[in-house]
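Structure first, then comments.
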Amino acid sequence: MGDLKIQHNMQPGLYQGDRKTRTGSPGFGDVIKQAIKRVSDMQLRADQSVEQLLKGETGIHETMIALQKAGISFRLLLQARNKVMDAYREVMRMQF
């Protein structure tokens, strides 16, 4: 998730609501989908590493590193989700 970039483009008239007309950077939903896919891939790699450890094909160190990476990435994604939900709730509490 270190490759996430925030781009600032505040010129009037440049935002187009239609995804097909925009070019360049992916949308927020696309970024979230990619992050979820990466976390899922790390979980799968950790599961495969455990299976390889049980078969005697890999060492305990590699398995523990894979498990820690998967756990940390999952916790990071969970905290990002919590922050987005908090922001959503805050916007919903605003009175217009």
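Scheme for the structure tokens: letters A, B, ... for chains in order shown; per-chain residue numbers from 1; ligand numbers from 1 in order shown.
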Excluding stretch 67-77 of chain A and any residue of its chain fewer than 6 positions from it, enumerate the residues within 9 Å of it, using only C-alpha atoms, and give them as a PyMOL selection string.
-> chain A and resi 1+35-36+38-47+49-50
In Å to one decimal, how far is atom CA of A:Gln79 from atom CA of A:Phe96?
-> 28.6 Å
Distance of atom CA of A:Val84 from atom CA of A:Asp30, expressed in Å to one decimal place | 15.0 Å
DSSP says alpha helix (DSSP H) for which residues of stretch 20-84 of chain A? Put them as a ChimeraX atom specification?
-> /A:28-55,60-84
For A:Leu53, list every protein, DNA or RNA residue within 12 Å, evaluated using only C-alpha atoms, and leave out those in the same chain fewer than 4 positions away; present the list as a ChimeraX atom specification.
-> /A:46-49,57-64,66-67
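Note that the spacing between atom CA of A:Tyr88 and atom CA of A:Gly24 amounts to 26.1 Å.
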